[in-house]
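The data block below is input.cif; it holds mmCIF, C-alpha atoms and all ligand atoms; chains and numbers go by the auth columns.
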data_data
loop_
_atom_site.group_PDB
_atom_site.id
_atom_site.type_symbol
_atom_site.label_atom_id
_atom_site.label_comp_id
_atom_site.label_asym_id
_atom_site.label_seq_id
_atom_site.Cartn_x
_atom_site.Cartn_y
_atom_site.Cartn_z
_atom_site.B_iso_or_equiv
_atom_site.auth_seq_id
_atom_site.auth_asym_id
ATOM 1 C CA MET A 1 -9.784 -90.605 33.581 0.00 1 A
ATOM 2 C CA THR A 2 -8.246 -87.262 32.885 0.00 2 A
ATOM 3 C CA LYS A 3 -10.525 -84.291 32.731 0.00 3 A
ATOM 4 C CA PRO A 4 -11.028 -83.073 29.133 0.00 4 A
ATOM 5 C CA LEU A 5 -9.373 -79.764 28.420 0.00 5 A
ATOM 6 C CA ASN A 6 -11.528 -76.670 28.139 0.00 6 A
ATOM 7 C CA GLN A 7 -11.988 -75.490 24.565 0.00 7 A
ATOM 8 C CA PRO A 8 -12.654 -71.953 23.413 0.00 8 A
ATOM 9 C CA PRO A 9 -16.368 -71.241 22.846 0.00 9 A
ATOM 10 C CA ASP A 10 -17.676 -70.779 19.262 0.00 10 A
ATOM 11 C CA GLY A 11 -18.730 -67.305 20.196 0.00 11 A
ATOM 12 C CA PHE A 12 -20.010 -65.239 23.074 0.00 12 A
ATOM 13 C CA THR A 13 -22.580 -62.678 24.095 0.00 13 A
ATOM 14 C CA CYS A 14 -20.716 -59.415 24.437 0.00 14 A
ATOM 15 C CA ALA A 15 -20.867 -57.657 27.808 0.00 15 A
ATOM 16 C CA VAL A 16 -20.276 -54.286 26.133 0.00 16 A
ATOM 17 C CA CYS A 17 -22.708 -54.222 23.162 0.00 17 A
ATOM 18 C CA GLY A 18 -25.023 -57.102 24.092 0.00 18 A
ATOM 19 C CA GLU A 19 -24.643 -58.750 20.663 0.00 19 A
ATOM 20 C CA TYR A 20 -23.425 -62.279 19.988 0.00 20 A
ATOM 21 C CA HIS A 21 -19.930 -62.251 18.479 0.00 21 A
ATOM 22 C CA LYS A 22 -18.752 -65.298 16.549 0.00 22 A
ATOM 23 C CA GLY A 23 -15.415 -66.781 17.492 0.00 23 A
ATOM 24 C CA LEU A 24 -13.086 -65.778 20.272 0.00 24 A
ATOM 25 C CA PRO A 25 -9.691 -64.420 19.284 0.00 25 A
ATOM 26 C CA LEU A 26 -6.944 -65.566 21.621 0.00 26 A
ATOM 27 C CA ASP A 27 -4.676 -62.664 20.888 0.00 27 A
ATOM 28 C CA VAL A 28 -4.845 -58.906 20.850 0.00 28 A
ATOM 29 C CA ALA A 29 -2.000 -56.869 19.421 0.00 29 A
ATOM 30 C CA PHE A 30 -1.015 -53.223 19.495 0.00 30 A
ATOM 31 C CA GLY A 31 0.479 -51.828 16.306 0.00 31 A
ATOM 32 C CA ALA A 32 2.724 -49.376 18.155 0.00 32 A
ATOM 33 C CA PRO A 33 3.766 -48.177 21.600 0.00 33 A
ATOM 34 C CA ILE A 34 1.354 -45.605 23.029 0.00 34 A
ATOM 35 C CA TYR A 35 3.975 -42.848 22.673 0.00 35 A
ATOM 36 C CA TRP A 36 4.013 -43.338 18.901 0.00 36 A
ATOM 37 C CA ASP A 37 0.217 -43.085 18.756 0.00 37 A
ATOM 38 C CA GLN A 38 0.459 -39.832 20.698 0.00 38 A
ATOM 39 C CA ILE A 39 2.639 -38.163 18.046 0.00 39 A
ATOM 40 C CA PRO A 40 0.538 -36.261 15.510 0.00 40 A
ATOM 41 C CA GLU A 41 0.505 -38.298 12.320 0.00 41 A
ATOM 42 C CA ALA A 42 2.095 -35.586 10.214 0.00 42 A
ATOM 43 C CA GLU A 43 5.166 -35.519 12.492 0.00 43 A
ATOM 44 C CA ARG A 44 5.806 -39.239 12.763 0.00 44 A
ATOM 45 C CA THR A 45 8.118 -39.756 9.801 0.00 45 A
ATOM 46 C CA ALA A 46 10.327 -36.888 10.879 0.00 46 A
ATOM 47 C CA ARG A 47 10.478 -37.982 14.498 0.00 47 A
ATOM 48 C CA GLY A 48 11.001 -41.677 14.269 0.00 48 A
ATOM 49 C CA GLU A 49 10.435 -45.041 12.753 0.00 49 A
ATOM 50 C CA LEU A 50 7.911 -47.816 13.231 0.00 50 A
ATOM 51 C CA THR A 51 8.252 -51.336 11.822 0.00 51 A
ATOM 52 C CA PRO A 52 6.230 -54.421 12.776 0.00 52 A
ATOM 53 C CA ASP A 53 8.814 -55.164 15.490 0.00 53 A
ATOM 54 C CA PHE A 54 10.735 -52.013 16.322 0.00 54 A
ATOM 55 C CA CYS A 55 10.019 -48.395 17.091 0.00 55 A
ATOM 56 C CA ALA A 56 12.361 -45.464 17.715 0.00 56 A
ATOM 57 C CA ILE A 57 11.195 -41.981 18.666 0.00 57 A
ATOM 58 C CA ASP A 58 13.334 -38.812 18.578 0.00 58 A
ATOM 59 C CA ASP A 59 16.461 -40.990 18.600 0.00 59 A
ATOM 60 C CA ARG A 60 15.913 -41.201 22.341 0.00 60 A
ATOM 61 C CA ASP A 61 13.149 -43.712 23.071 0.00 61 A
ATOM 62 C CA PHE A 62 13.335 -47.258 21.778 0.00 62 A
ATOM 63 C CA PHE A 63 10.788 -50.046 21.806 0.00 63 A
ATOM 64 C CA VAL A 64 10.394 -53.645 20.742 0.00 64 A
ATOM 65 C CA ARG A 65 7.218 -55.623 20.214 0.00 65 A
ATOM 66 C CA GLY A 66 6.854 -58.726 22.354 0.00 66 A
ATOM 67 C CA LEU A 67 4.301 -61.179 23.654 0.00 67 A
ATOM 68 C CA ILE A 68 2.730 -61.431 27.074 0.00 68 A
ATOM 69 C CA GLU A 69 1.378 -64.957 27.191 0.00 69 A
ATOM 70 C CA ILE A 70 -1.312 -65.764 29.715 0.00 70 A
ATOM 71 C CA PRO A 71 -2.181 -69.422 30.225 0.00 71 A
ATOM 72 C CA ILE A 72 -5.847 -70.320 29.970 0.00 72 A
ATOM 73 C CA VAL A 73 -6.652 -72.538 32.925 0.00 73 A
ATOM 74 C CA ASP A 74 -7.648 -76.145 32.283 0.00 74 A
ATOM 75 C CA SER A 75 -6.700 -75.827 28.643 0.00 75 A
ATOM 76 C CA ASP A 76 -3.538 -76.115 26.583 0.00 76 A
ATOM 77 C CA GLN A 77 -4.008 -72.637 25.138 0.00 77 A
ATOM 78 C CA PHE A 78 -2.760 -69.158 25.821 0.00 78 A
ATOM 79 C CA PHE A 79 -4.212 -65.731 25.505 0.00 79 A
ATOM 80 C CA VAL A 80 -1.538 -63.479 24.025 0.00 80 A
ATOM 81 C CA TRP A 81 -1.094 -59.722 24.262 0.00 81 A
ATOM 82 C CA GLY A 82 1.090 -58.324 21.505 0.00 82 A
ATOM 83 C CA ILE A 83 2.577 -55.340 23.318 0.00 83 A
ATOM 84 C CA TRP A 84 5.548 -52.975 23.205 0.00 84 A
ATOM 85 C CA THR A 85 8.172 -52.375 25.825 0.00 85 A
ATOM 86 C CA SER A 86 10.894 -49.793 26.035 0.00 86 A
ATOM 87 C CA LEU A 87 14.531 -50.846 25.735 0.00 87 A
ATOM 88 C CA SER A 88 17.792 -49.069 26.430 0.00 88 A
ATOM 89 C CA ARG A 89 19.559 -47.772 23.333 0.00 89 A
ATOM 90 C CA LYS A 90 22.249 -50.409 23.820 0.00 90 A
ATOM 91 C CA ASN A 91 19.825 -53.346 24.057 0.00 91 A
ATOM 92 C CA TYR A 92 17.747 -52.005 21.180 0.00 92 A
ATOM 93 C CA SER A 93 20.764 -51.876 18.856 0.00 93 A
ATOM 94 C CA ARG A 94 21.901 -55.275 19.993 0.00 94 A
ATOM 95 C CA LEU A 95 18.487 -56.825 19.380 0.00 95 A
ATOM 96 C CA ILE A 96 18.308 -55.364 15.875 0.00 96 A
ATOM 97 C CA ASP A 97 21.792 -56.719 15.125 0.00 97 A
ATOM 98 C CA LEU A 98 20.841 -60.192 16.340 0.00 98 A
ATOM 99 C CA TRP A 99 17.269 -60.228 14.994 0.00 99 A
ATOM 100 C CA ARG A 100 17.935 -62.812 12.258 0.00 100 A
ATOM 101 C CA ASP A 101 20.866 -64.470 14.019 0.00 101 A
ATOM 102 C CA PRO A 102 20.364 -67.886 15.700 0.00 102 A
ATOM 103 C CA LYS A 103 22.667 -66.637 18.506 0.00 103 A
ATOM 104 C CA ILE A 104 19.718 -64.544 19.677 0.00 104 A
ATOM 105 C CA VAL A 105 18.605 -67.498 21.845 0.00 105 A
ATOM 106 C CA ASP A 106 21.608 -66.903 24.103 0.00 106 A
ATOM 107 C CA GLU A 107 20.653 -63.337 24.954 0.00 107 A
ATOM 108 C CA PRO A 108 19.959 -62.580 28.601 0.00 108 A
ATOM 109 C CA PRO A 109 16.619 -60.932 29.391 0.00 109 A
ATOM 110 C CA TYR A 110 16.487 -57.181 28.844 0.00 110 A
ATOM 111 C CA PHE A 111 14.672 -54.790 31.130 0.00 111 A
ATOM 112 C CA GLY A 112 11.716 -52.930 29.625 0.00 112 A
ATOM 113 C CA TRP A 113 8.842 -50.664 30.694 0.00 113 A
ATOM 114 C CA LEU A 114 5.471 -51.700 29.310 0.00 114 A
ATOM 115 C CA ALA A 115 4.447 -49.097 26.728 0.00 115 A
ATOM 116 C CA ASN A 116 0.752 -49.853 26.151 0.00 116 A
ATOM 117 C CA LYS A 117 -2.423 -49.385 28.152 0.00 117 A
ATOM 118 C CA LEU A 118 -4.212 -52.728 28.163 0.00 118 A
ATOM 119 C CA PRO A 119 -8.004 -52.557 28.375 0.00 119 A
ATOM 120 C CA GLY A 120 -9.579 -54.438 31.251 0.00 120 A
ATOM 121 C CA TYR A 121 -6.830 -53.705 33.755 0.00 121 A
ATOM 122 C CA PRO A 122 -5.788 -50.901 36.065 0.00 122 A
ATOM 123 C CA ASP A 123 -3.158 -48.784 34.296 0.00 123 A
ATOM 124 C CA THR A 124 -0.508 -51.023 32.775 0.00 124 A
ATOM 125 C CA LEU A 125 1.722 -48.257 31.427 0.00 125 A
ATOM 126 C CA ASN A 126 5.271 -48.487 32.804 0.00 126 A
ATOM 127 C CA LEU A 127 4.880 -51.839 34.481 0.00 127 A
ATOM 128 C CA LYS A 128 8.338 -53.375 34.763 0.00 128 A
ATOM 129 C CA THR A 129 9.023 -56.301 32.480 0.00 129 A
ATOM 130 C CA ASN A 130 11.701 -58.711 31.356 0.00 130 A
ATOM 131 C CA VAL A 131 12.070 -59.115 27.631 0.00 131 A
ATOM 132 C CA GLN A 132 13.440 -62.534 26.761 0.00 132 A
ATOM 133 C CA SER A 133 14.564 -63.273 23.214 0.00 133 A
ATOM 134 C CA ARG A 134 13.612 -66.722 22.005 0.00 134 A
ATOM 135 C CA ASN A 135 14.646 -67.544 18.474 0.00 135 A
ATOM 136 C CA VAL A 136 14.565 -65.899 15.093 0.00 136 A
ATOM 137 C CA LYS A 137 10.967 -66.974 14.494 0.00 137 A
ATOM 138 C CA TRP A 138 9.256 -65.841 17.658 0.00 138 A
ATOM 139 C CA ARG A 139 8.741 -62.402 19.075 0.00 139 A
ATOM 140 C CA PRO A 140 10.381 -61.904 22.481 0.00 140 A
ATOM 141 C CA TYR A 141 8.626 -63.325 25.484 0.00 141 A
ATOM 142 C CA VAL A 142 7.673 -60.623 27.965 0.00 142 A
ATOM 143 C CA THR A 143 7.159 -61.355 31.643 0.00 143 A
ATOM 144 C CA LEU A 144 5.842 -58.936 34.202 0.00 144 A
ATOM 145 C CA GLU A 145 7.769 -58.237 37.350 0.00 145 A
ATOM 146 C CA PRO A 146 6.043 -60.342 40.052 0.00 146 A
ATOM 147 C CA ILE A 147 3.935 -57.688 41.734 0.00 147 A
ATOM 148 C CA ASP A 148 0.287 -57.467 42.820 0.00 148 A
ATOM 149 C CA HIS A 149 -0.937 -55.954 39.548 0.00 149 A
ATOM 150 C CA PRO A 150 -3.771 -58.056 38.024 0.00 150 A
ATOM 151 C CA LEU A 151 -1.861 -58.467 34.763 0.00 151 A
ATOM 152 C CA ALA A 152 1.130 -59.947 36.602 0.00 152 A
ATOM 153 C CA LEU A 153 -1.141 -62.201 38.654 0.00 153 A
ATOM 154 C CA GLU A 154 -2.983 -63.378 35.549 0.00 154 A
ATOM 155 C CA GLN A 155 0.281 -64.182 33.817 0.00 155 A
ATOM 156 C CA ARG A 156 1.313 -66.228 36.827 0.00 156 A
ATOM 157 C CA ASP A 157 -2.022 -67.940 37.605 0.00 157 A
ATOM 158 C CA GLY A 158 -3.819 -68.027 34.253 0.00 158 A
ATOM 159 C CA ILE A 159 -7.287 -66.872 33.204 0.00 159 A
ATOM 160 C CA SER A 160 -10.572 -68.475 32.133 0.00 160 A
ATOM 161 C CA PHE A 161 -12.202 -68.324 28.715 0.00 161 A
ATOM 162 C CA ALA A 162 -14.864 -66.129 30.386 0.00 162 A
ATOM 163 C CA ARG A 163 -12.129 -63.618 31.208 0.00 163 A
ATOM 164 C CA VAL A 164 -10.878 -63.773 27.602 0.00 164 A
ATOM 165 C CA GLN A 165 -14.435 -62.901 26.499 0.00 165 A
ATOM 166 C CA GLU A 166 -14.411 -59.931 28.857 0.00 166 A
ATOM 167 C CA ILE A 167 -11.099 -58.690 27.440 0.00 167 A
ATOM 168 C CA THR A 168 -12.233 -59.264 23.846 0.00 168 A
ATOM 169 C CA ALA A 169 -15.470 -57.343 24.443 0.00 169 A
ATOM 170 C CA LEU A 170 -13.405 -54.353 25.589 0.00 170 A
ATOM 171 C CA THR A 171 -10.970 -54.535 22.682 0.00 171 A
ATOM 172 C CA LEU A 172 -13.814 -54.828 20.140 0.00 172 A
ATOM 173 C CA HIS A 173 -15.336 -51.579 21.345 0.00 173 A
ATOM 174 C CA PRO A 174 -12.470 -49.258 22.233 0.00 174 A
ATOM 175 C CA GLU A 175 -14.718 -46.241 21.710 0.00 175 A
ATOM 176 C CA LYS A 176 -16.713 -47.264 24.800 0.00 176 A
ATOM 177 C CA LEU A 177 -13.694 -47.428 27.105 0.00 177 A
HETATM 178 ZN ZN ZN B . -19.716 -56.372 21.298 0.00 201 A
#
Go ahead and express the file in the form of structure tokens.
Ligand SMILES: [Zn+2]
Amino acid sequence: MTKPLNQPPDGFTCAVCGEYHKGLPLDVAFGAPIYWDQIPEAERTARGELTPDFCAIDDRDFFVRGLIEIPIVDSDQFFVWGIWTSLSRKNYSRLIDLWRDPKIVDEPPYFGWLANKLPGYPDTLNLKTNVQSRNVKWRPYVTLEPIDHPLALEQRDGISFARVQEITALTLHPEKL
């Protein structure tokens, strides 16, 4: 008999606030790279552009939104970080040109620096990543360079639902970080 797959819990007692939270989201997304958030709001329009998928700052720094997928062990599910990585100007332009083009599946991986600080990990800013285009429907798949950083290890080895609860507790209460 095969072992039944683990299912996400209906809810969990939060390690940060002590309350019971219903449900367990399996994804956490950042709306922008950290460098965009650091620009005073009044200056943003003049200095760059932010869309749901792309961000350019000062016509010098370029970012795309992608997905870091972490397998949940003994389940068929993934926990997904919606994060931003930098891209070279050349790769950024190319990706925008190909964004709605089926040929995008043939793109090689692009190099990118991770541009968000993920809660629940040692500093993740500027971790090296590969940004792999998939198809016109899916955001690029981002893989960490295989180093000893916990985020890279988790992407390789997977995490438990208990760990997802820990991450969710932190993301629900950013003011306590
Ligand atoms: Zn809580």
Contact check, chain A to ligand ZN 201 (chain A), at most 8 Å, counting all atoms listed in the file, closest pairs as CSV:
residue,atom,partner,partner_atom,distance
A:Thr13,CA,A:ZN201,ZN,7.5
A:Cys14,CA,A:ZN201,ZN,4.5
A:Ala15,CA,A:ZN201,ZN,6.7
A:Val16,CA,A:ZN201,ZN,5.3
A:Cys17,CA,A:ZN201,ZN,4.1
A:Gly18,CA,A:ZN201,ZN,6.0
A:Glu19,CA,A:ZN201,ZN,5.5
A:Tyr20,CA,A:ZN201,ZN,7.1
A:His21,CA,A:ZN201,ZN,6.5
A:Ala169,CA,A:ZN201,ZN,5.4
A:Leu170,CA,A:ZN201,ZN,7.9
A:Leu172,CA,A:ZN201,ZN,6.2
A:His173,CA,A:ZN201,ZN,6.5
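Shortest atom-to-atom contact with A:Trp36 among A:Phe62, A:Phe12, A:Trp99, A:Trp81: A:Phe62, counting only C-alpha atoms.
For the choices A:Ile34, A:Cys55, A:Phe79, A:Pro102, the atom-to-atom distance to A:Trp138 is smallest for A:Pro102 when using all atoms listed in the file.
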Centre and size of axis-aligned box enclosing stretch 15-31 of chain A plus 6 Å each side, as JSON:
{"center_x": -12.3, "center_y": -59.3, "center_z": 22.1, "size_x": 37.5, "size_y": 27.0, "size_z": 23.5}
Open item on the list: Evaluate the PyMOL selection byres (((chain A and resi 163) around 12) and not hetatm) against this structure - the residues, as a ChimeraX atom specification, please.
Closed with: /A:8,12,14-15,24,26,70-73,79,120-121,154,158-162,164-170
Residue selection dump (C-alpha atoms) as a PDB file, keeping the file's coordinate frame:
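Generated output (out_23.pdb):
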ATOM      1  CA  PRO A   8     -12.654 -71.953  23.413  1.00  0.00           C
ATOM      2  CA  PHE A  12     -20.010 -65.239  23.074  1.00  0.00           C
ATOM      3  CA  CYS A  14     -20.716 -59.415  24.437  1.00  0.00           C
ATOM      4  CA  ALA A  15     -20.867 -57.657  27.808  1.00  0.00           C
ATOM      5  CA  LEU A  24     -13.086 -65.778  20.272  1.00  0.00           C
ATOM      6  CA  LEU A  26      -6.944 -65.566  21.621  1.00  0.00           C
ATOM      7  CA  ILE A  70      -1.312 -65.764  29.715  1.00  0.00           C
ATOM      8  CA  PRO A  71      -2.181 -69.422  30.225  1.00  0.00           C
ATOM      9  CA  ILE A  72      -5.847 -70.320  29.970  1.00  0.00           C
ATOM     10  CA  VAL A  73      -6.652 -72.538  32.925  1.00  0.00           C
ATOM     11  CA  PHE A  79      -4.212 -65.731  25.505  1.00  0.00           C
ATOM     12  CA  GLY A 120      -9.579 -54.438  31.251  1.00  0.00           C
ATOM     13  CA  TYR A 121      -6.830 -53.705  33.755  1.00  0.00           C
ATOM     14  CA  GLU A 154      -2.983 -63.378  35.549  1.00  0.00           C
ATOM     15  CA  GLY A 158      -3.819 -68.027  34.253  1.00  0.00           C
ATOM     16  CA  ILE A 159      -7.287 -66.872  33.204  1.00  0.00           C
ATOM     17  CA  SER A 160     -10.572 -68.475  32.133  1.00  0.00           C
ATOM     18  CA  PHE A 161     -12.202 -68.324  28.715  1.00  0.00           C
ATOM     19  CA  ALA A 162     -14.864 -66.129  30.386  1.00  0.00           C
ATOM     20  CA  VAL A 164     -10.878 -63.773  27.602  1.00  0.00           C
ATOM     21  CA  GLN A 165     -14.435 -62.901  26.499  1.00  0.00           C
ATOM     22  CA  GLU A 166     -14.411 -59.931  28.857  1.00  0.00           C
ATOM     23  CA  ILE A 167     -11.099 -58.690  27.440  1.00  0.00           C
ATOM     24  CA  THR A 168     -12.233 -59.264  23.846  1.00  0.00           C
ATOM     25  CA  ALA A 169     -15.470 -57.343  24.443  1.00  0.00           C
ATOM     26  CA  LEU A 170     -13.405 -54.353  25.589  1.00  0.00           C
TER      27      LEU A 170
END
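Closest to A:Pro122 among A:Ile39, A:Val28, A:Leu151, A:Ile83 is A:Leu151, based on all atoms listed in the file.
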TODO: Would you work out the distance separating atom CA of A:Arg65 from atom CA of A:Phe111, expressed in Å to one decimal?
DONE: 13.2 Å
Task: Picked residues, the PyMOL selection byres (((chain A and resi 115) around 10) and not hetatm), as a PyMOL selection string - done: chain A and resi 30+32-36+63-65+83-86+112-114+116-118+124-128
- [ ] Identify, on the basis of all atoms listed in the file, every residue whose closest approach to A:Val80 does not exceed 6 Å; exclude the query and any residue fewer than 6 positions from it along the same chain; express the result as a VMD selection string.
- [x] chain A and resid 27 68 to 69
File dump, residues just selected, C-alpha atoms, as a PDB file, keeping the file's coordinate frame:
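Contents of out.pdb, freshly written:
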ATOM      1  CA  ASP A  27      -4.676 -62.664  20.888  1.00  0.00           C
ATOM      2  CA  ILE A  68       2.730 -61.431  27.074  1.00  0.00           C
ATOM      3  CA  GLU A  69       1.378 -64.957  27.191  1.00  0.00           C
TER       4      GLU A  69
END
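Going from atom CA of A:Val142 over to atom CA of A:Thr129, you cover 6.4 Å.
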